[in-house]
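Note sheet for the following structure.
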Amino acid sequence: MLIDEIRGEELDDFFCSFLELQTIEECYCFFDDLCTVNEIKAMLQRFRVAKMLYNDHTYCQIEDETGASTATISRTKRSLYHGNNMYDILFSRMKKSIET
């Protein structure tokens, strides 16, 4: 994994902080404190691209709807299909939580 080069106690602590968030409002507040609006927009765009790729949208549809470049779409597609399988796990969990 690419992230292994920065793996360690500080990053573990950082990730654990996300797991402590309990509501959407807490997420809004935490990310507002942590990130700039542009950083959040960039992460949101990648998430939307991954979700659309996962749901079999075309590059053209994704570009039109998200404004993402083909480079961003390609990079996200590589992570989606050749990464750590976390998009699939996350989207499957999200789907199950909506169904219940």
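Residue numbering restarts at 1 in every chain; chains get A, B, ... in the order shown in the structure tokens, and ligands count up from 1 in that same order.
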* Residues of chain A in helix (DSSP H, G or I), written as a ChimeraX atom specification -> /A:2-6,9-19,24-34,37-54,59-66,70-82,86-99
* **Spatial neighbours of range 74-83 of chain A, 8 Å, only C-alpha atoms, chain gap at least 5 places, as number ranges by chain** => A: 46, 49-50, 53-54, 88
* What lies within 8 Å of Tyr59 in chain A using only C-alpha atoms, ignoring chain neighbours under 3 positions off, as a PyMOL selection string? -> chain A and resi 62-63+70+73
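Shortest atom-to-atom contact with Glu65 in chain A among A:Glu5, A:Gln45, A:Gln22, A:Asp33: A:Gln45, counting only C-alpha atoms.
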* Asked: Can you list, as number ranges by chain, every protein, DNA or RNA residue that comes within 12 Å of Ser17 in chain A when you count only C-alpha atoms, leaving out same-chain residues fewer than 4 positions away?
  -> A: 10-13, 21-22, 26-27, 30-31, 34
Selection from above, C-alpha atoms, as a PDB file, in the first residue's frame, can you write it?
ATOM      1  CA  GLU A  10       0.240   9.179  14.736  1.00  0.00           C
ATOM      2  CA  LEU A  11      -1.674   8.068  11.639  1.00  0.00           C
ATOM      3  CA  ASP A  12      -3.438   5.356  13.660  1.00  0.00           C
ATOM      4  CA  ASP A  13      -4.490   8.038  16.147  1.00  0.00           C
ATOM      5  CA  LEU A  21     -17.511  10.669  15.127  1.00  0.00           C
ATOM      6  CA  GLN A  22     -21.101   9.665  15.805  1.00  0.00           C
ATOM      7  CA  GLU A  26     -20.089  15.959  14.077  1.00  0.00           C
ATOM      8  CA  CYS A  27     -18.535  15.099  10.711  1.00  0.00           C
ATOM      9  CA  PHE A  30     -14.748  18.071  12.462  1.00  0.00           C
ATOM     10  CA  PHE A  31     -13.994  18.380   8.756  1.00  0.00           C
ATOM     11  CA  LEU A  34      -9.604  20.022   9.870  1.00  0.00           C
TER      12      LEU A  34
END
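The smallest atom-to-atom distance between Met86 in chain A and any of A:Ile24, A:Asp32, A:Lys51, A:Ala68, using only C-alpha atoms, is found for A:Lys51.
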